[in-house]
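Shown next: run17.cif, containing mmCIF, C-alpha atoms.
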```cif
data_structure
#
loop_
_atom_site.label_atom_id
_atom_site.label_comp_id
_atom_site.auth_asym_id
_atom_site.auth_seq_id
_atom_site.Cartn_x
_atom_site.Cartn_y
_atom_site.Cartn_z
CA MET U 199 29.81 6.39 -14.27
CA SER U 200 26.21 5.76 -13.21
CA LYS U 201 25.48 5.19 -9.55
CA GLU U 202 24.29 1.73 -8.55
CA PRO U 203 20.73 1.88 -7.18
CA ARG U 204 20.13 1.14 -3.53
CA LEU U 205 18.45 -2.25 -3.12
CA ARG U 206 15.78 -3.28 -0.63
CA PRO U 207 14.80 -6.81 0.45
CA ALA U 208 11.41 -7.88 -0.83
CA ARG U 209 9.12 -10.87 -1.36
CA VAL U 210 7.36 -11.50 -4.68
CA LEU U 211 4.26 -13.63 -5.32
CA ILE U 212 5.74 -15.40 -8.34
CA GLY U 213 3.04 -18.11 -8.20
CA TRP U 214 0.46 -15.64 -9.51
CA LEU U 215 2.52 -13.73 -12.09
CA PRO U 216 2.94 -14.34 -15.83
CA PRO U 217 6.23 -16.19 -16.56
CA LEU U 218 8.25 -13.27 -17.88
CA GLU U 219 6.98 -10.91 -15.18
CA ALA U 220 7.97 -13.42 -12.49
CA GLY U 221 11.38 -13.78 -14.14
CA ARG U 222 11.81 -10.03 -14.22
CA PHE U 223 11.28 -9.81 -10.46
CA LEU U 224 13.60 -12.77 -9.82
CA ALA U 225 16.21 -10.94 -11.90
CA GLY U 226 15.90 -7.81 -9.77
CA LEU U 227 13.78 -6.01 -12.41
CA ARG U 228 16.37 -6.54 -15.13
CA PRO U 229 14.25 -7.36 -18.21
CA SER U 230 17.18 -8.77 -20.20
CA GLU U 231 17.53 -11.62 -17.68
CA ALA U 232 13.84 -12.42 -17.17
CA ASP U 233 13.89 -15.49 -19.44
CA ARG U 234 16.86 -17.21 -17.80
CA PRO U 235 16.05 -20.93 -17.42
CA GLU U 236 16.57 -21.02 -13.65
CA TYR U 237 14.14 -18.14 -13.15
CA GLN U 238 11.53 -19.65 -15.44
CA GLU U 239 11.84 -23.04 -13.74
CA ARG U 240 11.40 -21.45 -10.30
CA ALA U 241 8.39 -19.45 -11.48
CA GLN U 242 6.78 -22.50 -13.13
CA HIS U 243 7.10 -24.53 -9.93
CA ALA U 244 5.49 -21.73 -7.90
CA ARG U 245 2.59 -21.44 -10.39
CA THR U 246 2.06 -25.21 -10.25
CA VAL U 247 1.86 -25.16 -6.45
CA ALA U 248 -0.47 -22.14 -6.42
CA GLY U 249 -2.70 -23.65 -9.09
CA ALA U 250 -3.01 -26.99 -7.28
CA ARG U 251 -4.11 -25.57 -3.94
CA ARG U 252 -7.59 -26.15 -2.64
CA PRO U 253 -9.49 -22.85 -2.53
CA ASP U 254 -9.41 -21.75 1.11
CA PHE U 255 -10.94 -18.32 1.53
CA ASP U 256 -14.27 -16.77 2.42
CA VAL U 257 -15.54 -13.94 4.59
CA ARG U 258 -16.51 -15.96 7.68
CA GLY U 259 -14.48 -15.05 10.75
CA VAL U 260 -12.21 -12.61 8.91
CA VAL U 261 -13.65 -9.53 10.64
CA THR U 262 -14.70 -9.40 14.29
CA GLU U 263 -15.72 -6.65 16.69
CA ALA U 264 -12.92 -4.38 17.88
CA PRO U 265 -12.37 -3.80 21.62
CA GLN U 266 -13.32 -0.50 23.25
CA ALA U 267 -9.75 0.82 23.16
CA VAL U 268 -9.71 0.61 19.35
CA HIS U 269 -13.07 2.36 19.08
CA GLU U 270 -11.79 5.15 21.31
CA HIS U 271 -8.68 5.47 19.17
CA TRP U 272 -10.78 5.73 16.01
CA ALA U 273 -13.22 8.17 17.63
CA ALA U 274 -10.35 10.64 18.02
CA ILE U 275 -9.44 10.23 14.34
CA THR U 276 -13.04 10.89 13.24
CA LYS U 277 -12.63 14.44 14.56
CA THR U 278 -10.15 15.09 11.72
CA PRO U 279 -11.24 15.79 8.11
CA ILE U 280 -10.00 12.45 6.77
CA GLY U 281 -11.58 10.57 9.66
CA ARG U 282 -14.94 12.22 9.06
CA ARG U 283 -14.82 11.44 5.34
CA LEU U 284 -13.99 7.79 5.94
CA SER U 285 -16.73 7.43 8.54
CA GLU U 286 -19.27 9.01 6.17
CA ARG U 287 -18.29 6.39 3.59
CA GLY U 288 -19.09 3.60 6.04
CA ARG U 289 -15.55 2.70 7.06
CA ARG U 290 -15.27 1.39 10.61
CA PRO U 291 -12.62 -0.11 12.88
CA ALA U 292 -12.59 -3.85 13.50
CA LEU U 293 -10.26 -6.73 14.25
CA VAL U 294 -9.07 -8.50 11.10
CA ASP U 295 -7.47 -11.92 10.68
CA LEU U 296 -4.69 -11.13 8.20
CA ARG U 297 -4.29 -14.81 7.33
CA ARG U 298 -7.63 -14.74 5.47
CA VAL U 299 -7.18 -11.53 3.49
CA VAL U 300 -6.47 -11.57 -0.26
CA ALA U 301 -3.21 -9.95 -1.41
CA VAL U 302 -3.40 -7.62 -4.41
CA GLN U 303 0.19 -6.38 -4.88
CA PRO U 304 2.84 -8.52 -6.61
CA HIS U 305 5.59 -7.69 -4.12
CA VAL U 306 6.17 -6.32 -0.65
CA PHE U 307 9.29 -4.83 0.91
CA THR U 308 10.34 -6.68 4.03
CA ASP U 309 12.45 -4.01 5.74
CA THR U 310 9.43 -2.15 7.15
CA ASP U 311 10.34 -0.72 10.54
CA LEU U 312 7.79 -1.43 13.26
CA PRO U 313 8.01 -0.67 16.98
CA GLU U 314 7.97 -3.40 19.56
CA LEU U 315 4.32 -4.46 19.89
CA ASP U 316 2.31 -6.41 22.41
CA PRO U 317 -0.40 -8.28 20.44
CA VAL U 318 -2.74 -8.16 23.43
CA ASP U 319 -2.50 -4.36 23.72
CA PRO U 320 -5.18 -3.13 21.28
CA ALA U 321 -4.40 0.56 21.77
CA ALA U 322 -0.71 0.06 20.91
CA MET U 323 -1.64 -2.06 17.90
CA ALA U 324 -4.12 0.56 16.67
CA ALA U 325 -1.45 3.27 16.88
CA VAL U 326 0.48 1.33 14.20
CA THR U 327 -2.32 0.00 11.98
CA LEU U 328 -4.55 3.09 12.29
CA ALA U 329 -1.91 5.83 12.44
CA PRO U 330 -3.67 9.18 12.93
CA PRO U 331 -3.01 12.24 10.75
CA GLY U 332 -0.85 14.99 12.14
CA PRO U 333 1.96 17.46 11.41
CA MET U 334 5.01 16.17 9.56
CA GLU U 335 8.44 17.54 8.73
CA VAL U 336 8.62 18.11 4.96
CA GLU U 337 11.91 18.63 3.14
CA THR U 338 11.66 21.15 0.31
CA GLN U 339 13.98 22.89 -2.14
CA PHE U 340 13.38 25.84 -4.46
CA ASP U 341 15.16 26.48 -7.76
CA PRO U 342 14.74 30.22 -8.54
CA ARG U 343 16.03 29.80 -12.10
CA ARG U 344 13.11 27.54 -12.98
CA ASN U 345 10.60 28.76 -10.39
CA LEU U 346 10.55 25.15 -9.28
CA TRP U 347 9.54 23.73 -5.92
CA ILE U 348 10.94 20.27 -5.16
CA ILE U 349 9.04 18.51 -2.39
CA HIS U 350 10.21 15.30 -0.75
CA PRO U 351 7.12 13.63 0.76
CA PRO U 352 7.82 12.20 4.21
CA SER U 353 5.26 9.44 3.63
CA SER U 354 3.32 7.78 0.82
CA ASP U 355 0.21 9.14 2.53
CA PHE U 356 1.35 12.75 2.04
CA ARG U 357 -0.80 13.80 -0.91
CA ILE U 358 -2.17 16.74 -2.85
CA ALA U 359 -5.47 17.76 -1.28
CA ARG U 360 -6.67 20.69 -3.37
CA ALA U 361 -5.67 23.76 -5.37
CA HIS U 362 -5.72 27.32 -4.04
CA ARG U 363 -5.91 30.86 -5.39
CA ALA U 364 -5.42 33.77 -3.01
CA ASP U 365 -4.98 37.54 -3.11
CA VAL U 366 -1.56 38.70 -1.96
CA GLU U 367 -1.49 42.29 -0.68
CA GLU U 368 -3.12 44.72 -3.13
CA ASP U 369 -1.54 43.84 -6.45
CA GLY U 370 -0.72 40.16 -6.32
CA LEU U 371 -2.25 36.74 -6.77
CA ALA U 372 -0.97 33.45 -5.41
CA PHE U 373 -1.70 30.06 -6.97
CA GLY U 374 -0.74 26.88 -5.22
CA LEU U 375 -1.53 23.44 -3.96
CA GLU U 376 -2.46 22.22 -0.50
CA PHE U 377 -0.89 19.01 0.78
CA ARG U 378 -2.10 16.85 3.65
CA PHE U 379 -1.00 13.80 5.55
CA GLY U 380 -4.27 11.95 5.88
CA GLY U 381 -3.11 9.31 8.32
CA SER U 382 -1.91 5.82 7.42
CA PHE U 383 -4.53 3.12 7.78
CA LEU U 384 -4.59 -0.61 7.22
CA LYS U 385 -7.69 -0.92 5.00
CA ILE U 386 -9.55 -4.16 4.32
CA TYR U 387 -12.51 -3.99 1.94
CA ARG U 388 -14.98 -6.75 1.16
CA LEU U 389 -15.89 -7.62 -2.40
CA GLY U 390 -18.39 -10.46 -2.63
CA ASP U 391 -16.85 -13.64 -1.23
CA ARG U 392 -13.49 -12.18 -0.22
CA TYR U 393 -11.73 -9.40 1.66
CA LEU U 394 -9.01 -7.49 -0.20
CA LEU U 395 -6.13 -5.57 1.36
CA ARG U 396 -6.66 -2.04 0.05
CA ASP U 397 -3.79 -0.24 1.88
CA GLY U 398 -1.00 -1.22 4.24
CA THR U 399 0.58 -4.27 2.57
CA HIS U 400 4.09 -3.70 3.97
CA ARG U 401 2.85 -3.32 7.55
CA ALA U 402 0.51 -6.30 7.26
CA VAL U 403 3.27 -8.64 6.09
CA ALA U 404 5.69 -7.27 8.70
CA LEU U 405 3.12 -8.06 11.38
CA LEU U 406 2.60 -11.58 10.04
CA ALA U 407 6.37 -12.12 9.99
CA ARG U 408 6.34 -11.39 13.74
CA GLY U 409 3.55 -13.90 14.29
CA ILE U 410 0.90 -11.20 14.83
CA GLU U 411 -2.16 -12.37 12.89
CA VAL U 412 -5.21 -10.50 14.21
CA VAL U 413 -4.92 -6.71 14.18
CA PRO U 414 -7.08 -3.57 14.22
CA ALA U 415 -7.89 -2.29 10.74
CA LEU U 416 -10.36 -0.14 8.88
CA VAL U 417 -12.99 -2.23 7.10
CA GLY U 418 -15.55 -1.43 4.46
CA GLU U 419 -17.23 -2.80 1.36
CA TYR U 420 -16.92 -2.02 -2.31
CA ALA U 421 -20.25 -0.84 -3.66
CA GLN U 422 -22.24 -3.21 -5.84
CA GLY U 423 -20.87 -2.98 -9.36
CA GLU U 424 -17.99 -0.71 -8.30
CA GLU U 425 -14.89 -1.15 -10.42
CA VAL U 426 -11.90 -2.14 -8.30
CA HIS U 427 -8.72 -0.46 -9.52
CA VAL U 428 -5.40 -1.95 -8.42
CA PRO U 429 -2.61 0.18 -9.96
CA GLY U 430 0.52 -1.92 -10.35
CA GLY U 431 -1.27 -4.89 -8.81
CA LEU U 432 -1.44 -8.58 -9.60
CA PRO U 433 -3.38 -9.74 -12.68
CA ARG U 434 -7.13 -9.46 -12.08
CA GLU U 435 -7.61 -13.17 -12.70
CA ALA U 436 -5.22 -13.86 -9.82
CA ILE U 437 -7.01 -11.56 -7.38
CA PHE U 438 -10.55 -12.56 -8.32
CA GLY U 439 -9.99 -16.18 -9.33
CA ARG U 440 -10.75 -19.35 -7.35
CA ARG U 441 -7.27 -19.56 -5.81
CA PRO U 442 -6.21 -15.99 -4.95
CA PRO U 443 -3.04 -15.32 -2.96
CA LEU U 444 -3.52 -14.61 0.73
CA LEU U 445 -1.23 -12.39 2.78
CA PRO U 446 0.75 -15.28 4.37
CA ASP U 447 1.72 -16.37 0.85
CA TYR U 448 4.27 -13.55 0.70
CA LEU U 449 6.24 -15.52 3.32
CA ASP U 450 5.77 -18.96 1.73
CA ASP U 451 8.82 -20.07 -0.30
CA ALA U 452 6.67 -22.51 -2.28
CA VAL U 453 4.77 -19.71 -4.03
CA SER U 454 6.89 -16.60 -3.43
CA ALA U 455 10.54 -15.62 -3.57
CA ALA U 456 12.94 -13.43 -1.64
CA VAL U 457 14.53 -10.84 -3.94
CA GLU U 458 16.29 -7.49 -3.84
CA LEU U 459 14.60 -4.65 -5.72
CA PRO U 460 15.77 -1.11 -6.45
CA ALA U 461 14.60 1.41 -3.86
CA THR U 462 12.42 4.18 -5.22
CA ARG U 463 11.15 7.41 -3.72
CA ARG U 464 8.46 9.87 -4.73
CA VAL U 465 9.26 13.51 -5.47
CA ILE U 466 6.65 16.22 -6.12
CA LEU U 467 7.57 19.01 -8.55
CA ILE U 468 5.70 22.31 -8.83
CA GLU U 469 7.01 24.55 -11.59
CA GLY U 470 5.88 28.00 -12.69
CA LEU U 471 6.33 27.60 -16.43
CA GLU U 472 5.56 30.41 -18.89
CA VAL U 473 4.63 29.26 -22.40
CA TRP U 474 3.86 31.46 -25.41
CA LEU U 475 1.04 30.20 -27.63
CA GLN U 476 -0.14 31.41 -31.01
CA ASP U 477 -3.56 33.09 -31.03
#
```
Could you show the structure in this file as structure tokens?
Amino acid sequence: MSKEPRLRPARVLIGWLPPLEAGRFLAGLRPSEADRPEYQERAQHARTVAGARRPDFDVRGVVTEAPQAVHEHWAAITKTPIGRRLSERGRRPALVDLRRVVAVQPHVFTDTDLPELDPVDPAAMAAVTLAPPGPMEVETQFDPRRNLWIIHPPSSDFRIARAHRADVEEDGLAFGLEFRFGGSFLKIYRLGDRYLLRDGTHRAVALLARGIEVVPALVGEYAQGEEVHVPGGLPREAIFGRRPPLLPDYLDDAVSAAVELPATRRVILIEGLEVWLQD
């Protein structure tokens, strides 16, 4: 008997999704139920509301100067490799009004755990929205029958950094991968007449749900002509159209919906596989 998946509470921007995709989310990602009349009626109403709204976004007042405490926090991060790379690319800390930022992901989980925060304490806020890199506990397993490493990343920001080859004693070679936790930053990038949320959707919506609207974040700009890739994101016409969803829309029942979605987790596999090929 198959095990029932663990479910997590989420919010879905059904007002900006195609009908069957919206129905699929309302059905808890069960495709066979996506076309149920009640789901399609709910999705149609949300699209009607979203499509009738007056466009209300621009770049004015979205980003303002960060206080000294935030700059000091970021200065410490710039001493790390990831901090230096981001600074060299023109990323900088600032205060961002989350209410005016365009959402790019169709759904957000709403069980994100945040510490108690004082909105007027910029250093405490920066510790959450600009979390510095550092050591992490990593759970691993090794299967000697398959020469297989199984790695359970402690965070979505734990990523492959580069490959390695090294001499081992006098008669051995080692091949492997280097992993790094590069920090976890709320990133807001400008593209023309709008700011897009690049990273940190779950935290941003959790902050808005607490009534915290202006927070420290890392800001930058997409280069002129740069292609913006949004894997698994909303349709491009929704993000770049005249009436894009803004972050508060995740919490608006008129254009979004509360659902339960299967929990997923990322696993990294590294296998030493020998294969014989014909010459």
Practice prompt. Do a neighbour search on Asp391 in chain U at 9 Å with only C-alpha atoms, toss out local chain neighbours closer than 6 positions, and write the hits as a VMD selection string.
Written response: chain U and resid 255 to 257
Worksheet item: Between U:Glu376, U:Asp365, U:Glu337, U:Asp316, which one has atoms that come closest to Val465 in chain U, using all atoms listed in the file?
Response: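 The closest residue to Val465 in chain U is U:Glu337.
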Item to complete: Considering only C-alpha atoms, state which residue in the set U:Gly418, U:Pro317, U:Gly431, U:Gly332 is at the smallest distance from Arg388 in chain U.
Response: U:Gly418
Discussion item. I need the residue nearest His271 in chain U from this list: U:Leu218, U:Ala456, U:Leu389, U:Pro320. Use all atoms listed in the file for the distance.
Written reply: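 Selected residue with least distance to His271 in chain U: U:Pro320.
By chain and then residue number, the residues within 8 Å of Arg297 in chain U are Glu411, Leu444, Leu445 and Pro446 of chain U, counting all atoms listed in the file and disregarding those fewer than 3 positions away in sequence.
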Hey, can you spit out that residue selection with C-alpha atoms as an mmCIF file, in the frame of the given file?
```
data_model
loop_
_atom_site.group_PDB
_atom_site.id
_atom_site.type_symbol
_atom_site.label_atom_id
_atom_site.label_comp_id
_atom_site.auth_asym_id
_atom_site.auth_seq_id
_atom_site.Cartn_x
_atom_site.Cartn_y
_atom_site.Cartn_z
ATOM 1 C CA GLU U 411 -2.160 -12.370 12.890
ATOM 2 C CA LEU U 444 -3.520 -14.610 0.730
ATOM 3 C CA LEU U 445 -1.230 -12.390 2.780
ATOM 4 C CA PRO U 446 0.750 -15.280 4.370
#
```
Item to complete: Enumerate, as a ChimeraX atom specification, the residues matched when the PyMOL selection byres ((chain U and resi 300-312) around 7) is run on the file above.
Response: /U:206-211,298-299,313-314,393-395,399-401,404,431-432,437,442-445
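Counting from CA of Leu215 in chain U, the distance to CA of Leu296 in chain U is 21.7 Å.
Take CA of Glu202 in chain U and CA of Gly221 in chain U: the distance between them is 20.9 Å.
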Worksheet item: Out of U:Gly430, U:Pro414, U:Gly390, U:Pro203, which residue has the shortest atom-to-atom distance to Pro265 in chain U when counting all atoms listed in the file?
Response: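 With all atoms listed in the file as the atom set, the closest residue is U:Pro414.
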Fill in: From U:Val260, U:Ala372, U:Ala364, U:Ala325, residue lying nearest Leu384 in chain U [all atoms listed in the file]
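Of U:Val260, U:Ala372, U:Ala364, U:Ala325, the one nearest Leu384 in chain U is U:Ala325, counting all atoms listed in the file.
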Fill in: Hits from the PyMOL selection byres ((chain U and resi 345-359) around 8), listed as a PyMOL selection string
chain U and resi 334-344+360-361+375-382+464-471
